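Participant: Below: one structure in structure tokens.
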Amino acid sequence: MQNLLGLYEKALPKDASWPERLNVARKLGFDFMEISIDESDERLARLDWSKAEKGQLRQAIEGSNIPLLSMCFSGHRKYPLGSRDPQVRRKSLELMDKAVNFAADLGIRVIQLAGYDVYYEEPGEDTRELFILGLRAAADMAARRQVMLGIEIMDTAFMNSIQKYLQYDRMIASPWLSVYPDIGNLSAWGNDVEAELEIGFSRIVGIHVKETRRVSATGAGQFRDVPFGQGEVDFVRIFRKLKQLHYAGPFVIEMWGDTLENPAAEILRSRQFVLEKMKEAGL
């Protein structure tokens, strides 16, 4: 059995149509795509699509034979669950409910949640407590539609390890709340990535594959736009650990095409790089 390998939507040009995106992903050898619902008005507006608009996307999925299996939902960056502003918190839950319904309608299995209590506000114990309340409500929404939530290990200290995620896992105690680690982010924070994957293994529903550079006493690290092979992630060691743990879930290559002259060529090179590291690790 081989793990499915998906492609993050933002690896492709922003102005591409969905049929174009899905067909490019198929031609480049991917098994599925991960849709992005970020904090931009344009992508948040997708959550209000009509039945006809969703139907057009379903037709594109069927025509390409490339499903959308996961959603990277970072709209909570602008409208965080832990905001001190009650109107922002209401908006965050409204968006969460729409995201769950959107996923259920399109056959998306997993919604990756950004592990932020707040992003543009100053964090504190109060924002953490509000985040917990919002996370409980989000898990209930997901349970009603049988859609899995997976918290991403992030580029900020609030949720920069699987150990930190497990604190919230125990608090919420929902089968519909899981973890979706980014091995690039885990590495950048200097975690023992193999140990992290082992302690949280039973809760992992997907893995982002990304290159990063480490946070240090003198530098903030680099969490995006690092070409594969030019960072500090020990992919072979991490993939070898996942093989030992019998990880059978999907991987998603996370990269951004908006700064690339030839996104398709770089995606193909990145896919080959990742597959070679997996093969070296025995996956």
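Ligands are numbered from 1 in the order shown, chains are lettered A, B, ... in the order of the structure tokens, and residues start at 1 in each chain.
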Can you pull out every residue within 8 Å of segment 134-148 of chain A, counting only C-alpha atoms, but drop anything in the same chain fewer than 2 positions away, and send it as a ChimeraX atom specification?
Facilitator: /A:81-82,89,93,96-97,100-101,103-104,108-111,130-132,150,172,174,176-178
Participant: Show me, as JSON lines, the residues of segment 17-36 of chain A having an atom within 12 Å of segment 265-268 of chain A, each with the closest atom pair and its distance in Å, using only C-alpha atoms.
Facilitator:
{"residue": "A:Val24", "atom": "CA", "partner": "A:Ile267", "partner_atom": "CA", "distance": 10.2}
{"residue": "A:Ala25", "atom": "CA", "partner": "A:Ile267", "partner_atom": "CA", "distance": 9.3}
{"residue": "A:Arg26", "atom": "CA", "partner": "A:Leu268", "partner_atom": "CA", "distance": 11.5}
{"residue": "A:Lys27", "atom": "CA", "partner": "A:Leu268", "partner_atom": "CA", "distance": 9.8}
{"residue": "A:Leu28", "atom": "CA", "partner": "A:Leu268", "partner_atom": "CA", "distance": 6.3}
{"residue": "A:Gly29", "atom": "CA", "partner": "A:Leu268", "partner_atom": "CA", "distance": 8.5}
{"residue": "A:Phe30", "atom": "CA", "partner": "A:Leu268", "partner_atom": "CA", "distance": 9.9}
Participant: Those same residues, written as a PDB file, in the first residue's frame with N, CA, C and O atoms?
Facilitator:
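File produced: selection.pdb:
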ATOM      1  N   VAL A  24      -3.808  19.833 -13.820  1.00  0.00           N
ATOM      2  CA  VAL A  24      -2.362  19.968 -13.647  1.00  0.00           C
ATOM      3  C   VAL A  24      -1.877  19.024 -12.543  1.00  0.00           C
ATOM      4  O   VAL A  24      -0.853  18.345 -12.691  1.00  0.00           O
ATOM      5  N   ALA A  25      -2.623  18.974 -11.428  1.00  0.00           N
ATOM      6  CA  ALA A  25      -2.243  18.074 -10.331  1.00  0.00           C
ATOM      7  C   ALA A  25      -2.200  16.623 -10.815  1.00  0.00           C
ATOM      8  O   ALA A  25      -1.286  15.862 -10.468  1.00  0.00           O
ATOM      9  N   ARG A  26      -3.189  16.240 -11.622  1.00  0.00           N
ATOM     10  CA  ARG A  26      -3.212  14.871 -12.151  1.00  0.00           C
ATOM     11  C   ARG A  26      -2.016  14.632 -13.063  1.00  0.00           C
ATOM     12  O   ARG A  26      -1.331  13.597 -12.950  1.00  0.00           O
ATOM     13  N   LYS A  27      -1.742  15.573 -13.970  1.00  0.00           N
ATOM     14  CA  LYS A  27      -0.637  15.400 -14.918  1.00  0.00           C
ATOM     15  C   LYS A  27       0.715  15.340 -14.215  1.00  0.00           C
ATOM     16  O   LYS A  27       1.655  14.691 -14.691  1.00  0.00           O
ATOM     17  N   LEU A  28       0.817  16.034 -13.078  1.00  0.00           N
ATOM     18  CA  LEU A  28       2.079  16.039 -12.326  1.00  0.00           C
ATOM     19  C   LEU A  28       2.213  14.832 -11.402  1.00  0.00           C
ATOM     20  O   LEU A  28       3.228  14.693 -10.710  1.00  0.00           O
ATOM     21  N   GLY A  29       1.186  13.979 -11.362  1.00  0.00           N
ATOM     22  CA  GLY A  29       1.302  12.723 -10.630  1.00  0.00           C
ATOM     23  C   GLY A  29       0.758  12.717  -9.224  1.00  0.00           C
ATOM     24  O   GLY A  29       1.062  11.800  -8.457  1.00  0.00           O
ATOM     25  N   PHE A  30      -0.087  13.689  -8.860  1.00  0.00           N
ATOM     26  CA  PHE A  30      -0.644  13.732  -7.509  1.00  0.00           C
ATOM     27  C   PHE A  30      -1.953  12.945  -7.444  1.00  0.00           C
ATOM     28  O   PHE A  30      -2.639  12.750  -8.444  1.00  0.00           O
TER      29      PHE A  30
END
Participant: So, counting only C-alpha atoms, which residue among A:Trp18, A:Phe223, A:Tyr8, A:Phe201 is closest to Met33 of chain A?
Facilitator: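 Checking each candidate against Met33 of chain A, we get A:Tyr8 as the closest.
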Participant: Give me, as a PyMOL selection string, all polymer residues having an atom no more than 10 Å from segment 236-245 of chain A, counting only C-alpha atoms and skipping those fewer than 2 positions away in the same chain.
Facilitator: chain A and resi 183+187+192-195+197-198+201-202+233-234+247-249+274+276-283
Participant: Next, dump the selected residues to file, keeping only N, CA and C atoms, as a PDB file, in the first residue's frame.
Facilitator:
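Output contents, as saved in result-v6.pdb:
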ATOM      1  N   ILE A 183       5.656  18.839   9.125  1.00  0.00           N
ATOM      2  CA  ILE A 183       6.973  18.393   9.574  1.00  0.00           C
ATOM      3  C   ILE A 183       8.024  19.487   9.387  1.00  0.00           C
ATOM      4  N   SER A 187      10.172  20.801  12.604  1.00  0.00           N
ATOM      5  CA  SER A 187      11.630  20.844  12.511  1.00  0.00           C
ATOM      6  C   SER A 187      12.178  22.231  12.820  1.00  0.00           C
ATOM      7  N   ASP A 192      12.283  17.396  18.715  1.00  0.00           N
ATOM      8  CA  ASP A 192      12.680  16.035  18.362  1.00  0.00           C
ATOM      9  C   ASP A 192      11.516  15.482  17.544  1.00  0.00           C
ATOM     10  N   VAL A 193      11.590  15.616  16.232  1.00  0.00           N
ATOM     11  CA  VAL A 193      10.433  15.326  15.378  1.00  0.00           C
ATOM     12  C   VAL A 193      10.021  13.872  15.480  1.00  0.00           C
ATOM     13  N   GLU A 194      10.978  12.968  15.568  1.00  0.00           N
ATOM     14  CA  GLU A 194      10.630  11.546  15.683  1.00  0.00           C
ATOM     15  C   GLU A 194       9.848  11.272  16.960  1.00  0.00           C
ATOM     16  N   ALA A 195      10.277  11.860  18.067  1.00  0.00           N
ATOM     17  CA  ALA A 195       9.571  11.667  19.342  1.00  0.00           C
ATOM     18  C   ALA A 195       8.194  12.303  19.293  1.00  0.00           C
ATOM     19  N   LEU A 197       6.256  12.750  16.653  1.00  0.00           N
ATOM     20  CA  LEU A 197       5.372  11.917  15.835  1.00  0.00           C
ATOM     21  C   LEU A 197       4.939  10.665  16.594  1.00  0.00           C
ATOM     22  N   GLU A 198       5.821  10.125  17.387  1.00  0.00           N
ATOM     23  CA  GLU A 198       5.478   8.901  18.120  1.00  0.00           C
ATOM     24  C   GLU A 198       4.443   9.162  19.207  1.00  0.00           C
ATOM     25  N   PHE A 201       1.036   9.918  17.497  1.00  0.00           N
ATOM     26  CA  PHE A 201       0.751   9.166  16.280  1.00  0.00           C
ATOM     27  C   PHE A 201      -0.714   8.768  16.122  1.00  0.00           C
ATOM     28  N   SER A 202      -1.348   8.352  17.200  1.00  0.00           N
ATOM     29  CA  SER A 202      -2.729   7.864  17.101  1.00  0.00           C
ATOM     30  C   SER A 202      -3.721   8.963  16.768  1.00  0.00           C
ATOM     31  N   VAL A 233      15.337  20.433   7.025  1.00  0.00           N
ATOM     32  CA  VAL A 233      14.478  19.330   7.441  1.00  0.00           C
ATOM     33  C   VAL A 233      15.137  18.008   7.059  1.00  0.00           C
ATOM     34  N   ASP A 234      15.243  17.100   8.033  1.00  0.00           N
ATOM     35  CA  ASP A 234      15.834  15.778   7.779  1.00  0.00           C
ATOM     36  C   ASP A 234      14.713  14.837   7.322  1.00  0.00           C
ATOM     37  N   TYR A 247       2.626   4.511   9.412  1.00  0.00           N
ATOM     38  CA  TYR A 247       1.751   5.604   8.986  1.00  0.00           C
ATOM     39  C   TYR A 247       1.213   5.302   7.592  1.00  0.00           C
ATOM     40  N   ALA A 248      -0.101   5.228   7.475  1.00  0.00           N
ATOM     41  CA  ALA A 248      -0.746   4.915   6.191  1.00  0.00           C
ATOM     42  C   ALA A 248      -1.531   6.092   5.637  1.00  0.00           C
ATOM     43  N   GLY A 249      -1.509   7.232   6.317  1.00  0.00           N
ATOM     44  CA  GLY A 249      -2.296   8.388   5.908  1.00  0.00           C
ATOM     45  C   GLY A 249      -1.660   9.182   4.787  1.00  0.00           C
ATOM     46  N   VAL A 274      10.766  14.790  -2.894  1.00  0.00           N
ATOM     47  CA  VAL A 274      10.075  14.149  -1.774  1.00  0.00           C
ATOM     48  C   VAL A 274       9.992  12.641  -1.984  1.00  0.00           C
ATOM     49  N   GLU A 276      11.965  10.738  -3.696  1.00  0.00           N
ATOM     50  CA  GLU A 276      13.298  10.139  -3.512  1.00  0.00           C
ATOM     51  C   GLU A 276      13.631   9.981  -2.038  1.00  0.00           C
ATOM     52  N   LYS A 277      13.271  10.972  -1.210  1.00  0.00           N
ATOM     53  CA  LYS A 277      13.523  10.869   0.229  1.00  0.00           C
ATOM     54  C   LYS A 277      12.664   9.762   0.843  1.00  0.00           C
ATOM     55  N   MET A 278      11.412   9.645   0.370  1.00  0.00           N
ATOM     56  CA  MET A 278      10.554   8.564   0.861  1.00  0.00           C
ATOM     57  C   MET A 278      11.129   7.197   0.483  1.00  0.00           C
ATOM     58  N   LYS A 279      11.587   7.076  -0.741  1.00  0.00           N
ATOM     59  CA  LYS A 279      12.156   5.809  -1.177  1.00  0.00           C
ATOM     60  C   LYS A 279      13.395   5.458  -0.366  1.00  0.00           C
ATOM     61  N   GLU A 280      14.232   6.451  -0.118  1.00  0.00           N
ATOM     62  CA  GLU A 280      15.433   6.229   0.692  1.00  0.00           C
ATOM     63  C   GLU A 280      15.090   5.761   2.099  1.00  0.00           C
ATOM     64  N   ALA A 281      13.926   6.257   2.605  1.00  0.00           N
ATOM     65  CA  ALA A 281      13.490   5.880   3.940  1.00  0.00           C
ATOM     66  C   ALA A 281      12.739   4.556   3.961  1.00  0.00           C
ATOM     67  N   GLY A 282      12.436   4.005   2.779  1.00  0.00           N
ATOM     68  CA  GLY A 282      11.735   2.741   2.713  1.00  0.00           C
ATOM     69  C   GLY A 282      10.233   2.835   2.640  1.00  0.00           C
ATOM     70  N   LEU A 283       9.704   4.064   2.474  1.00  0.00           N
ATOM     71  CA  LEU A 283       8.247   4.232   2.354  1.00  0.00           C
ATOM     72  C   LEU A 283       7.796   3.792   0.958  1.00  0.00           C
TER      73      LEU A 283
END
Participant: Nearest residue to Lys54 of chain A out of A:Leu106, A:Ala264, A:Ile162, A:Ala188, using only C-alpha atoms?
Facilitator: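 Nearest candidate to Lys54 of chain A out of A:Leu106, A:Ala264, A:Ile162, A:Ala188: A:Leu106.
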Participant: Choose the residue, out of A:Leu7, A:Val226, A:Val118, A:Met159, that has the smallest atom-to-atom separation from Arg84 of chain A; count only C-alpha atoms.
Facilitator: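 The closest residue to Arg84 of chain A is A:Val118.
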Participant: When you count only C-alpha atoms, which of these residues is closest to Leu186 of chain A: A:Arg271, A:Lys164, A:Arg203, A:Lys51?
Facilitator: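 Of A:Arg271, A:Lys164, A:Arg203, A:Lys51, the one nearest Leu186 of chain A, counting only C-alpha atoms, is A:Lys164.
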